[in-house]
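> I am sharing run33.cif, which consists of mmCIF, C-alpha atoms:
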```cif
data_work
loop_
_atom_site.label_atom_id
_atom_site.label_comp_id
_atom_site.auth_asym_id
_atom_site.auth_seq_id
_atom_site.Cartn_x
_atom_site.Cartn_y
_atom_site.Cartn_z
CA MET A 265 24.20 -24.67 -70.06
CA LYS A 266 25.87 -27.07 -67.64
CA LYS A 267 27.83 -29.71 -69.51
CA ASN A 268 28.69 -33.18 -68.25
CA TRP A 269 31.42 -35.63 -69.14
CA PRO A 270 30.31 -37.80 -72.06
CA LEU A 271 29.62 -41.52 -71.81
CA TRP A 272 32.09 -44.02 -73.36
CA GLU A 273 31.70 -47.71 -74.13
CA VAL A 274 34.62 -49.92 -73.11
CA PHE A 275 35.85 -52.97 -75.04
CA VAL A 276 38.56 -55.24 -73.61
CA ARG A 277 40.67 -57.97 -75.22
CA SER A 278 41.22 -60.45 -72.39
CA LYS A 279 44.22 -62.07 -74.06
CA ASN A 280 45.88 -62.13 -77.45
CA GLY A 281 44.04 -64.42 -79.81
CA LEU A 282 40.64 -63.32 -78.53
CA GLU A 283 38.47 -60.46 -79.77
CA HIS A 284 37.70 -57.26 -77.87
CA ARG A 285 34.47 -57.72 -75.99
CA HIS A 286 32.07 -55.11 -74.59
CA PHE A 287 32.77 -54.75 -70.85
CA GLY A 288 30.61 -51.77 -69.87
CA SER A 289 30.65 -48.00 -69.96
CA LEU A 290 31.97 -45.01 -68.04
CA HIS A 291 32.13 -41.21 -68.08
CA ALA A 292 35.31 -39.30 -68.98
CA SER A 293 36.17 -35.86 -70.34
CA ASP A 294 38.31 -37.11 -73.24
CA GLU A 295 39.67 -40.29 -74.85
CA LYS A 296 42.84 -40.35 -72.77
CA MET A 297 40.91 -40.18 -69.51
CA ALA A 298 38.44 -42.75 -70.82
CA LEU A 299 41.29 -45.23 -71.38
CA GLU A 300 42.81 -44.52 -67.97
CA ASN A 301 39.47 -44.90 -66.20
CA ALA A 302 38.68 -48.05 -68.16
CA ARG A 303 41.95 -49.55 -66.98
CA ASP A 304 41.07 -48.82 -63.34
CA VAL A 305 37.41 -49.75 -63.52
CA TYR A 306 37.51 -52.85 -65.72
CA THR A 307 40.98 -54.41 -65.49
CA ARG A 308 41.97 -54.45 -61.82
CA ARG A 309 42.58 -58.23 -61.91
CA ASN A 310 44.41 -58.92 -65.18
CA GLU A 311 41.18 -59.00 -67.19
CA GLY A 312 42.79 -57.50 -70.26
CA VAL A 313 45.77 -56.83 -72.50
CA SER A 314 44.15 -54.20 -74.72
CA ILE A 315 41.35 -51.65 -74.31
CA TRP A 316 39.21 -49.79 -76.85
CA VAL A 317 36.98 -46.89 -75.89
CA VAL A 318 34.43 -45.21 -78.12
CA LYS A 319 31.97 -42.43 -77.33
CA SER A 320 28.55 -44.00 -76.84
CA ILE A 321 26.92 -41.48 -79.19
CA HIS A 322 28.98 -42.93 -82.07
CA ILE A 323 27.31 -46.32 -81.79
CA THR A 324 24.41 -47.00 -84.12
CA ALA A 325 22.24 -49.90 -83.06
CA THR A 326 19.32 -51.88 -84.40
CA ASN A 327 15.96 -51.34 -82.76
CA PRO A 328 14.52 -54.43 -81.02
CA LYS A 329 11.15 -53.41 -82.50
CA ASN A 330 12.47 -54.47 -85.91
CA ASN A 331 13.90 -57.76 -84.73
CA GLY A 332 11.21 -59.72 -86.54
CA GLU A 333 11.97 -58.41 -90.03
CA LEU A 334 15.72 -58.30 -89.39
CA PHE A 335 16.47 -61.62 -87.80
CA GLU A 336 13.59 -63.97 -88.38
CA PRO A 337 14.12 -64.59 -92.13
CA ALA A 338 17.32 -66.47 -91.23
CA LYS A 339 15.32 -68.99 -89.22
CA ASP A 340 13.72 -70.77 -92.21
CA LYS A 341 16.92 -70.89 -94.25
CA ILE A 342 17.88 -74.22 -92.84
CA TYR A 343 19.81 -75.06 -96.05
CA ARG A 344 22.55 -72.78 -94.70
CA HIS A 345 23.41 -75.43 -92.13
CA PRO A 346 25.37 -78.64 -92.87
CA THR A 347 22.72 -80.81 -91.19
CA PHE A 348 20.29 -79.95 -94.03
CA TYR A 349 22.14 -82.19 -96.50
CA LYS A 350 21.48 -85.93 -96.58
CA LEU A 351 24.60 -87.99 -97.10
CA PRO A 352 25.13 -91.76 -97.14
CA ASP A 353 26.21 -93.33 -93.84
CA GLU A 354 29.40 -94.76 -95.41
CA LEU A 355 30.61 -91.24 -95.97
CA LYS A 356 32.71 -90.31 -92.93
CA HIS A 357 34.40 -86.99 -92.28
CA MET A 358 32.60 -84.38 -94.34
CA MET B 260 -0.36 -46.79 -78.17
CA ASN B 261 -3.80 -47.57 -76.79
CA GLU B 262 -4.51 -49.47 -73.59
CA LYS B 263 -5.13 -52.75 -75.37
CA ASP B 264 -1.75 -52.62 -77.15
CA ILE B 265 0.04 -51.94 -73.89
CA LYS B 266 -1.73 -54.80 -72.19
CA ASN B 267 -0.70 -57.08 -75.01
CA LEU B 268 2.94 -55.93 -74.80
CA GLU B 269 2.88 -56.44 -71.04
CA GLU B 270 1.71 -59.99 -71.49
CA ILE B 271 4.47 -60.77 -74.00
CA PHE B 272 6.95 -59.16 -71.60
CA GLU B 273 5.86 -61.24 -68.60
CA GLN B 274 6.07 -64.40 -70.72
CA ARG B 275 9.63 -63.56 -71.76
CA ILE B 276 10.66 -63.23 -68.12
CA ALA B 277 8.86 -66.44 -67.20
CA ARG B 278 10.92 -68.20 -69.94
CA ASP B 279 14.11 -66.81 -68.31
CA GLU B 280 14.83 -64.53 -71.27
CA LYS B 281 16.87 -61.47 -70.37
CA ILE B 282 15.54 -57.97 -70.88
CA GLU B 283 17.97 -55.56 -72.54
CA PRO B 284 17.86 -51.74 -72.28
CA LYS B 285 16.27 -51.01 -75.66
CA ASP B 286 13.55 -53.66 -75.31
CA TRP B 287 10.04 -52.52 -74.55
CA MET B 288 9.37 -52.72 -70.81
CA PRO B 289 6.52 -51.65 -68.54
CA GLU B 290 7.12 -48.24 -66.97
CA LYS B 291 6.92 -49.80 -63.52
CA TYR B 292 9.66 -52.31 -64.40
CA ARG B 293 11.87 -49.41 -65.52
CA GLN B 294 11.20 -47.32 -62.40
CA THR B 295 11.62 -50.24 -60.00
CA HIS B 296 14.96 -51.10 -61.59
CA ILE B 297 16.18 -47.51 -61.51
CA ARG B 298 15.29 -47.42 -57.82
CA GLN B 299 16.89 -50.74 -56.90
CA ILE B 300 20.06 -50.60 -59.03
CA SER B 301 20.82 -47.00 -58.08
CA GLN B 302 20.23 -47.79 -54.41
CA HIS B 303 22.76 -50.58 -54.83
CA ALA B 304 25.23 -48.21 -56.54
CA HIS B 305 24.83 -45.59 -53.82
CA SER B 306 25.47 -48.28 -51.18
CA GLU B 307 28.79 -49.15 -52.81
CA ILE B 308 29.86 -45.51 -52.95
CA VAL B 309 28.72 -44.56 -49.44
CA GLY B 310 30.13 -47.90 -48.26
CA MET B 311 33.63 -46.62 -49.02
CA LEU B 312 33.36 -44.00 -46.28
CA PRO B 313 33.48 -46.08 -43.05
CA GLU B 314 36.49 -48.04 -44.38
CA GLY B 315 38.27 -45.19 -46.12
CA ASN B 316 38.54 -43.72 -42.66
CA TRP B 317 40.89 -46.56 -41.63
CA ILE B 318 43.23 -46.79 -44.64
CA THR B 319 45.86 -44.47 -43.14
CA ARG B 320 45.62 -46.23 -39.77
CA ALA B 321 45.85 -49.86 -40.89
CA PRO B 322 48.25 -51.69 -38.54
CA THR B 323 50.55 -53.15 -41.23
CA LEU B 324 51.38 -52.55 -44.89
CA ARG B 325 49.75 -55.89 -45.78
CA ARG B 326 46.47 -54.80 -44.17
CA LYS B 327 46.75 -51.39 -45.77
CA VAL B 328 47.13 -52.58 -49.38
CA ALA B 329 44.27 -55.05 -48.89
CA LEU B 330 41.92 -52.43 -47.45
CA LEU B 331 42.90 -49.97 -50.16
CA ALA B 332 42.15 -52.58 -52.84
CA LYS B 333 38.81 -53.39 -51.24
CA VAL B 334 37.73 -49.76 -51.12
CA GLN B 335 38.85 -49.32 -54.73
CA ASP B 336 36.71 -52.34 -55.68
CA GLU B 337 33.73 -50.69 -54.04
CA ALA B 338 34.27 -47.59 -56.18
CA GLY B 339 34.41 -49.89 -59.22
CA HIS B 340 31.25 -51.70 -58.18
CA GLY B 341 29.46 -48.39 -57.75
CA LEU B 342 30.54 -47.40 -61.27
CA TYR B 343 29.38 -50.70 -62.87
CA LEU B 344 26.01 -50.22 -61.21
CA TYR B 345 25.62 -46.53 -62.08
CA SER B 346 26.31 -47.44 -65.73
CA ALA B 347 23.72 -50.21 -65.58
CA THR B 348 21.18 -47.74 -64.17
CA GLU B 349 21.95 -45.19 -66.88
CA THR B 350 20.95 -47.68 -69.59
CA LEU B 351 17.38 -47.22 -68.30
CA GLY B 352 17.37 -43.58 -69.38
CA ILE B 353 18.41 -41.63 -66.31
CA THR B 354 21.60 -39.54 -66.17
CA ARG B 355 24.47 -39.90 -63.70
CA GLU B 356 23.80 -36.34 -62.48
CA GLU B 357 20.16 -37.14 -61.73
CA LEU B 358 21.27 -40.21 -59.79
CA TYR B 359 23.73 -38.19 -57.68
CA GLU B 360 21.07 -35.54 -57.14
CA GLN B 361 18.69 -38.21 -55.78
CA LEU B 362 21.37 -39.43 -53.36
CA HIS B 363 22.30 -35.95 -52.18
CA SER B 364 18.69 -34.82 -51.68
CA GLY B 365 17.83 -37.95 -49.71
CA LYS B 366 15.29 -39.09 -52.31
CA ALA B 367 17.32 -42.24 -53.02
CA LYS B 368 18.32 -44.56 -50.21
CA TYR B 369 21.43 -46.64 -49.63
CA SER B 370 22.01 -49.60 -47.36
CA SER B 371 21.45 -48.33 -43.81
CA ILE B 372 24.36 -50.38 -42.46
CA PHE B 373 26.72 -47.62 -43.61
CA ASN B 374 25.11 -45.20 -41.20
CA TYR B 375 26.89 -46.92 -38.31
CA PRO B 376 30.36 -45.71 -37.29
CA ALA B 377 33.57 -47.77 -37.65
CA ILE B 378 35.25 -46.88 -34.39
CA THR B 379 37.96 -49.56 -33.96
CA TRP B 380 40.29 -51.51 -36.25
CA ALA B 381 38.24 -54.64 -35.44
CA ASP B 382 35.34 -52.97 -37.27
CA MET B 383 37.30 -53.38 -40.53
CA GLY B 384 37.19 -57.10 -39.78
CA ALA B 385 33.51 -57.16 -38.88
CA ILE B 386 32.51 -55.12 -41.93
CA GLY B 387 34.35 -57.46 -44.31
CA TRP B 388 33.14 -60.61 -42.60
CA LEU B 389 29.52 -59.67 -41.82
CA VAL B 390 28.55 -56.77 -44.08
CA ASP B 391 30.25 -58.13 -47.19
CA GLY B 392 29.09 -61.62 -46.22
CA ALA B 393 25.48 -60.45 -46.13
CA ALA B 394 25.95 -58.47 -49.35
CA ILE B 395 27.32 -61.56 -51.13
CA ILE B 396 24.24 -63.58 -50.17
CA ASN B 397 22.00 -60.86 -51.59
CA GLN B 398 24.12 -60.46 -54.71
CA VAL B 399 24.57 -64.09 -55.65
CA ALA B 400 20.78 -64.30 -55.82
CA LEU B 401 20.81 -61.36 -58.26
CA CYS B 402 23.27 -62.84 -60.79
CA THR B 403 20.31 -64.42 -62.60
CA THR B 404 17.99 -61.40 -62.41
CA SER B 405 15.99 -60.54 -65.55
CA PHE B 406 17.58 -57.20 -66.49
CA GLY B 407 20.72 -57.96 -68.53
CA PRO B 408 22.99 -55.05 -67.53
CA TYR B 409 22.21 -55.58 -63.82
CA ALA B 410 22.82 -59.34 -64.01
CA ARG B 411 26.16 -58.80 -65.82
CA ALA B 412 27.30 -56.24 -63.24
CA MET B 413 26.32 -58.63 -60.46
CA VAL B 414 28.36 -61.49 -61.92
CA ARG B 415 31.46 -59.31 -62.04
CA ILE B 416 30.84 -57.95 -58.54
CA CYS B 417 30.34 -61.39 -57.00
CA LYS B 418 33.63 -62.60 -58.49
CA GLU B 419 35.48 -59.70 -56.89
CA GLU B 420 33.69 -59.71 -53.58
CA SER B 421 34.86 -62.96 -52.05
CA PHE B 422 38.29 -61.55 -51.20
CA HIS B 423 36.52 -58.79 -49.25
CA GLN B 424 34.92 -61.23 -46.87
CA ARG B 425 38.08 -63.28 -46.42
CA GLN B 426 40.25 -60.25 -45.62
CA GLY B 427 37.69 -59.22 -42.97
CA PHE B 428 37.58 -62.66 -41.41
CA GLU B 429 41.37 -62.82 -41.33
CA ILE B 430 41.54 -59.50 -39.49
CA LEU B 431 39.21 -60.84 -36.80
CA LEU B 432 40.98 -64.19 -36.64
CA THR B 433 44.29 -62.44 -35.99
CA LEU B 434 42.72 -60.34 -33.22
CA CYS B 435 41.05 -63.41 -31.71
CA ASN B 436 44.38 -65.23 -31.56
CA GLY B 437 46.03 -62.20 -30.00
CA THR B 438 45.96 -60.69 -26.52
CA GLU B 439 42.89 -60.56 -24.27
CA VAL B 440 42.44 -56.90 -25.18
CA GLN B 441 42.54 -57.70 -28.91
CA LYS B 442 40.02 -60.50 -28.51
CA ALA B 443 37.75 -58.20 -26.51
CA MET B 444 37.99 -55.68 -29.33
CA ALA B 445 36.83 -58.34 -31.81
CA GLN B 446 33.93 -59.34 -29.53
CA ASP B 447 32.89 -55.71 -29.08
CA SER B 448 32.87 -55.25 -32.82
CA LEU B 449 30.69 -58.33 -33.36
CA ASN B 450 28.33 -57.04 -30.66
CA ARG B 451 27.82 -53.80 -32.55
CA TRP B 452 27.66 -55.14 -36.12
CA TRP B 453 25.60 -58.32 -35.68
CA TRP B 454 22.09 -56.88 -35.51
CA PRO B 455 22.58 -54.19 -38.17
CA SER B 456 23.96 -56.94 -40.46
CA LEU B 457 20.77 -58.99 -40.01
CA MET B 458 18.77 -55.86 -40.88
CA MET B 459 20.59 -55.65 -44.23
CA PHE B 460 18.21 -58.23 -45.67
CA GLY B 461 15.34 -55.79 -45.22
CA PRO B 462 12.06 -55.92 -43.31
CA PRO B 463 10.36 -59.26 -42.59
CA ASP B 464 8.49 -60.77 -45.54
CA ALA B 465 5.12 -59.92 -44.07
CA GLU B 466 6.00 -56.20 -44.14
CA SER B 467 8.06 -56.04 -47.33
CA THR B 468 6.02 -54.02 -49.82
CA HIS B 469 8.04 -54.80 -52.95
CA THR B 470 8.66 -58.51 -52.55
CA GLU B 471 5.84 -59.99 -54.61
CA GLN B 472 6.40 -57.90 -57.74
CA SER B 473 10.19 -58.21 -57.44
CA MET B 474 9.97 -61.99 -57.25
CA LYS B 475 7.91 -62.05 -60.43
CA TRP B 476 10.53 -59.98 -62.26
CA LYS B 477 13.34 -62.10 -60.79
CA LEU B 478 14.68 -58.92 -59.23
CA LYS B 479 14.54 -60.98 -56.08
CA ARG B 480 15.01 -64.75 -56.15
CA LYS B 481 14.56 -65.46 -52.45
CA SER B 482 12.61 -63.64 -49.75
CA ASN B 483 14.24 -61.37 -47.15
CA ASP B 484 13.59 -63.86 -44.36
CA ASP B 485 15.00 -66.81 -46.30
CA LEU B 486 18.20 -64.94 -47.11
CA ARG B 487 18.54 -63.77 -43.51
CA GLN B 488 18.21 -67.34 -42.25
CA GLN B 489 20.80 -68.52 -44.77
CA PHE B 490 23.21 -65.84 -43.53
CA ILE B 491 22.74 -66.78 -39.86
CA ASP B 492 23.18 -70.48 -40.54
CA GLN B 493 26.41 -69.94 -42.42
CA THR B 494 27.83 -67.31 -40.05
CA ILE B 495 27.39 -68.98 -36.64
CA PRO B 496 29.94 -71.78 -37.31
CA GLN B 497 32.38 -69.07 -38.47
CA ALA B 498 31.90 -67.20 -35.19
CA GLU B 499 32.67 -70.44 -33.37
CA ILE B 500 35.97 -70.75 -35.24
CA LEU B 501 36.81 -67.21 -34.15
CA GLY B 502 35.79 -68.06 -30.60
CA ILE B 503 33.47 -65.08 -30.19
CA LYS B 504 29.71 -65.03 -29.57
CA VAL B 505 26.89 -63.27 -31.39
CA PRO B 506 24.98 -61.00 -29.00
CA ASP B 507 21.73 -62.96 -29.07
CA PRO B 508 20.66 -64.89 -25.93
CA ASP B 509 17.82 -66.53 -27.89
CA LEU B 510 20.06 -68.03 -30.57
CA LYS B 511 19.66 -71.80 -30.56
CA TRP B 512 20.15 -74.67 -33.02
CA ASN B 513 16.78 -76.08 -34.04
CA GLU B 514 17.30 -79.76 -34.84
CA LYS B 515 13.89 -80.07 -36.47
CA ARG B 516 14.39 -77.15 -38.88
CA LYS B 517 18.14 -77.82 -39.23
CA SER B 518 18.55 -74.09 -38.76
CA TYR B 519 19.24 -71.59 -36.01
CA ASP B 520 16.34 -69.96 -34.17
CA PHE B 521 17.17 -66.38 -33.32
CA GLY B 522 15.89 -63.47 -31.25
CA GLU B 523 13.67 -60.56 -32.17
CA ILE B 524 15.23 -57.92 -34.43
CA ASP B 525 14.71 -54.31 -33.31
CA TRP B 526 12.83 -53.07 -36.37
CA GLU B 527 12.15 -49.74 -34.71
CA GLU B 528 15.91 -49.09 -34.84
CA PHE B 529 16.00 -50.15 -38.51
CA TRP B 530 13.26 -47.70 -39.51
CA GLN B 531 14.85 -44.89 -37.51
CA VAL B 532 18.11 -45.36 -39.42
CA VAL B 533 16.30 -45.63 -42.78
CA LYS B 534 14.49 -42.38 -42.01
CA GLY B 535 17.79 -40.60 -41.47
CA HIS B 536 18.20 -40.79 -37.69
CA GLY B 537 21.09 -43.28 -37.55
CA PRO B 538 24.39 -42.35 -35.91
CA CYS B 539 26.10 -41.24 -39.16
CA ASN B 540 23.40 -40.45 -41.76
CA LYS B 541 24.19 -36.72 -41.89
CA GLU B 542 27.94 -37.26 -41.87
CA ARG B 543 27.78 -39.72 -44.81
CA ILE B 544 25.57 -37.57 -47.02
CA ASN B 545 27.54 -34.44 -46.22
CA ALA B 546 30.76 -36.22 -47.19
CA ARG B 547 29.24 -37.14 -50.58
CA ILE B 548 27.84 -33.65 -51.23
CA ASP B 549 31.13 -32.10 -50.20
CA ALA B 550 33.11 -34.32 -52.58
CA TRP B 551 30.71 -33.54 -55.44
CA GLU B 552 30.64 -29.78 -54.89
CA LYS B 553 34.34 -29.38 -54.30
CA GLY B 554 35.03 -31.37 -57.45
CA VAL B 555 33.08 -29.03 -59.75
CA TRP B 556 36.16 -27.07 -60.81
CA VAL B 557 38.05 -30.29 -61.63
CA ARG B 558 35.22 -31.60 -63.81
CA ASP B 559 34.83 -28.24 -65.56
CA ALA B 560 38.58 -27.88 -66.12
CA ALA B 561 38.86 -31.38 -67.61
CA LEU B 562 36.01 -30.65 -69.99
CA ALA B 563 37.43 -27.26 -70.99
CA TYR B 564 40.78 -28.95 -71.71
CA ALA B 565 39.10 -31.66 -73.78
CA GLU B 566 37.23 -29.05 -75.85
CA LYS B 567 40.39 -27.03 -76.42
CA GLN B 568 42.29 -30.12 -77.59
CA SER B 569 39.55 -31.16 -79.98
CA ASP B 570 39.33 -27.58 -81.39
CA LYS B 571 43.09 -27.68 -82.01
CA LYS B 572 42.77 -30.96 -83.91
CA LEU B 573 39.91 -29.53 -85.96
CA ASN B 574 41.90 -26.40 -86.87
CA LYS B 575 44.86 -28.49 -87.98
CA ALA B 576 42.61 -30.53 -90.22
CA VAL B 577 41.32 -27.33 -91.87
#
```
Translate the structure described by the file into structure tokens.

Amino acid sequence: MKKNWPLWEVFVRSKNGLEHRHFGSLHASDEKMALENARDVYTRRNEGVSIWVVKSIHITATNPKNNGELFEPAKDKIYRHPTFYKLPDELKHM
Amino acid sequence: MNEKDIKNLEEIFEQRIARDEKIEPKDWMPEKYRQTHIRQISQHAHSEIVGMLPEGNWITRAPTLRRKVALLAKVQDEAGHGLYLYSATETLGITREELYEQLHSGKAKYSSIFNYPAITWADMGAIGWLVDGAAIINQVALCTTSFGPYARAMVRICKEESFHQRQGFEILLTLCNGTEVQKAMAQDSLNRWWWPSLMMFGPPDAESTHTEQSMKWKLKRKSNDDLRQQFIDQTIPQAEILGIKVPDPDLKWNEKRKSYDFGEIDWEEFWQVVKGHGPCNKERINARIDAWEKGVWVRDAALAYAEKQSDKKLNKAV
């Protein structure tokens, strides 16, 4: 069977102090090539100081079909937000 | 899923787009939305990749080192843009190999502008100024398109593209401030690239088969004719700065419309080039097929090496 180069997801830290963020994906034969290609494809203009690559097949994701049961329960838990609590006007800075 | 369920899902889908929500790859989408996006995004990717060919031809012949590094960087950007767009297309469930196969077999199209030859150094100027200028107008409109991966790729591409147009304009400006022969070379280049650049916006609205559906999906934010007019209005004052004239005797400022009126576009030529009868269609496709086929051994060797290395690691672990 004909085999093709696997797909990798690329994460870039744009500067120290910030998190790595998903930038896109690319094909490469191994991790070393994936890093080298990521550098050329995604950081040609000083976009990053650190790159992570991970094979796309290693990512497990939620299914948008289940978004209702997964994410909607949080919507009615308004007591998790500071604005839920009634405080006297005299009270500043809390 | 029965028909009624699908209809219901379609309605929810259209409402999401109407609310300016983005559609992400794993979301449910109508089959036609998926297919239309595969067609359009891959066509865009192919245009970037084939678009490297007319310019790549001039890298070794650039007149100065400054011009050479700029052209090299521009062509490298186009490779990058092609890769962003291929990745965005792959999120819709088609493989990179299938996409290449569609390009090589002629099933997929690419922008027909790249089927014209770049015969003088001035053409590097005209391509950057006009072709990239037209592409930017098309692409800025796509930064807010409904499909998330496409919109994100477009934002990145637009950021990178503005240097392309400037470097092209600067090439022409230098020629126009040079000798008579150099200025004539710039004029000749504008003569050849003007009409094909106007054709880049596609057929007139009345004949554009995809416009209505694409507008609804925000895959198109403005019509072909509107974008074309915008391009002409912004480009004519730039030509005046260069001191060269677009080859259109009917071009005239229309005070009432606050826009330029322009002459008839030769759509017969456009369709001939789209159908494969342009000056360089065969040469471009053959160059792509050649690169793909001659690279087989490199791709296979890299994969064999990767497998060998990972086997070694596995054996060590045992």
> If you count only C-alpha atoms, which residues fall within 12 Å of Arg308 of chain A, apart from same-chain ones fewer than 3 positions away, as a PyMOL selection string?
(chain A and resi 300-305+311-313) or (chain B and resi 332-333+335-340+415+419)
> So what does the PyMOL selection byres ((chain A) within 9 of (chain B)) actually pick up in this one, as a ChimeraX atom specification?
/A:267-269,288-295,304-306,308-309,327-329
> Take the residues that were just selected and, keeping C-alpha atoms, output them as a compact mmCIF listing (two decimals), keeping the file's coordinate frame.

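out-v1.txt written:
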```txt
# COMPACT_ATOMS: atom_id res chain seq x y z
CA LYS A 267 27.83 -29.71 -69.51
CA ASN A 268 28.69 -33.18 -68.25
CA TRP A 269 31.42 -35.63 -69.14
CA GLY A 288 30.61 -51.77 -69.87
CA SER A 289 30.65 -48.00 -69.96
CA LEU A 290 31.97 -45.01 -68.04
CA HIS A 291 32.13 -41.21 -68.08
CA ALA A 292 35.31 -39.30 -68.98
CA SER A 293 36.17 -35.86 -70.34
CA ASP A 294 38.31 -37.11 -73.24
CA GLU A 295 39.67 -40.29 -74.85
CA ASP A 304 41.07 -48.82 -63.34
CA VAL A 305 37.41 -49.75 -63.52
CA TYR A 306 37.51 -52.85 -65.72
CA ARG A 308 41.97 -54.45 -61.82
CA ARG A 309 42.58 -58.23 -61.91
CA ASN A 327 15.96 -51.34 -82.76
CA PRO A 328 14.52 -54.43 -81.02
CA LYS A 329 11.15 -53.41 -82.50
```
> Give as a PDB file with C-alpha atoms, in the frame of the given file the residues that the PyMOL selection byres ((chain A and resi 314) around 9) matches when applied to the coordinates above.

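selection-v7.pdb, written as the output of this step:
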```pdb
ATOM      1  CA  PHE A 275      35.850 -52.970 -75.040  1.00  0.00           C
ATOM      2  CA  VAL A 276      38.560 -55.240 -73.610  1.00  0.00           C
ATOM      3  CA  ARG A 277      40.670 -57.970 -75.220  1.00  0.00           C
ATOM      4  CA  SER A 278      41.220 -60.450 -72.390  1.00  0.00           C
ATOM      5  CA  LYS A 279      44.220 -62.070 -74.060  1.00  0.00           C
ATOM      6  CA  ASN A 280      45.880 -62.130 -77.450  1.00  0.00           C
ATOM      7  CA  HIS A 284      37.700 -57.260 -77.870  1.00  0.00           C
ATOM      8  CA  GLY A 312      42.790 -57.500 -70.260  1.00  0.00           C
ATOM      9  CA  VAL A 313      45.770 -56.830 -72.500  1.00  0.00           C
ATOM     10  CA  ILE A 315      41.350 -51.650 -74.310  1.00  0.00           C
ATOM     11  CA  TRP A 316      39.210 -49.790 -76.850  1.00  0.00           C
TER      12      TRP A 316
END
```
> Taking all atoms listed in the file into account, which of B:Ile265, B:His363, B:Glu471, B:Ile297 comes nearest Asp549 of chain B?
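Under the stated criterion, the closest residue is B:His363.
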> Just how far from atom CA of Leu362 of chain B is atom CA of Lys534 of chain B, in Å to one decimal?
13.6 Å
> Contacts of Ile282 of chain B at 9 Å or less, counting all atoms listed in the file, minus same-chain residues fewer than 5 places along, as JSON, numbers by chain?
{"B": [272, 275, 276, 287, 288, 405, 406, 407, 408]}
> I would like the residues chosen by the PyMOL selection byres ((chain B and resi 303-305) around 6) on the shown file; could you give them as a PyMOL selection string?
chain B and resi 300-302+306-309+341+344-345+369
> Give me the residues within 12 Å of Pro289 of chain B as a PyMOL selection string, counting all atoms listed in the file and dropping any in the same chain fewer than 2 places off.
chain B and resi 264-273+282+284+286-287+291-296+351+476
> Tell me, in Å to one decimal, how far atom CA of Ala329 of chain B is from atom CA of Lys541 of chain B.
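Separation between atom CA of Ala329 of chain B and atom CA of Lys541 of chain B: 28.1 Å.
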> Give the padded box for segment 269-273 of chain A as JSON: axis-aligned, covering all atoms listed in the file, 3 Å on each side, centre and edge lengths in Å to one decimal.

```
{"center_x": 30.9, "center_y": -41.7, "center_z": -71.6, "size_x": 8.5, "size_y": 18.1, "size_z": 11.0}
```
> Go through A:His286, A:Lys356, A:Lys296, A:Arg344 and flag the residue nearest Ser320 of chain A, using all atoms listed in the file for the distances.
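Residue with the minimum atom-to-atom distance to Ser320 of chain A: A:His286.
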> How close does segment 266-376 of chain B get to segment 431-452 of chain B? List, as a Markdown table, each residue of segment 266-376 of chain B within 10 Å, its nearest atom pair and the distance in Å to one decimal, counting all atoms listed in the file.

```
| residue | atom | partner | partner_atom | distance |
| --- | --- | --- | --- | --- |
| B:Ile372 | CA | B:Trp452 | CA | 8.6 |
| B:Tyr375 | CA | B:Trp452 | CA | 8.5 |
| B:Pro376 | CA | B:Arg451 | CA | 9.7 |
```
> Please report the interatomic distance between atom CA of Arg298 of chain B and atom CA of Tyr359 of chain B in Å with one decimal.
12.5 Å
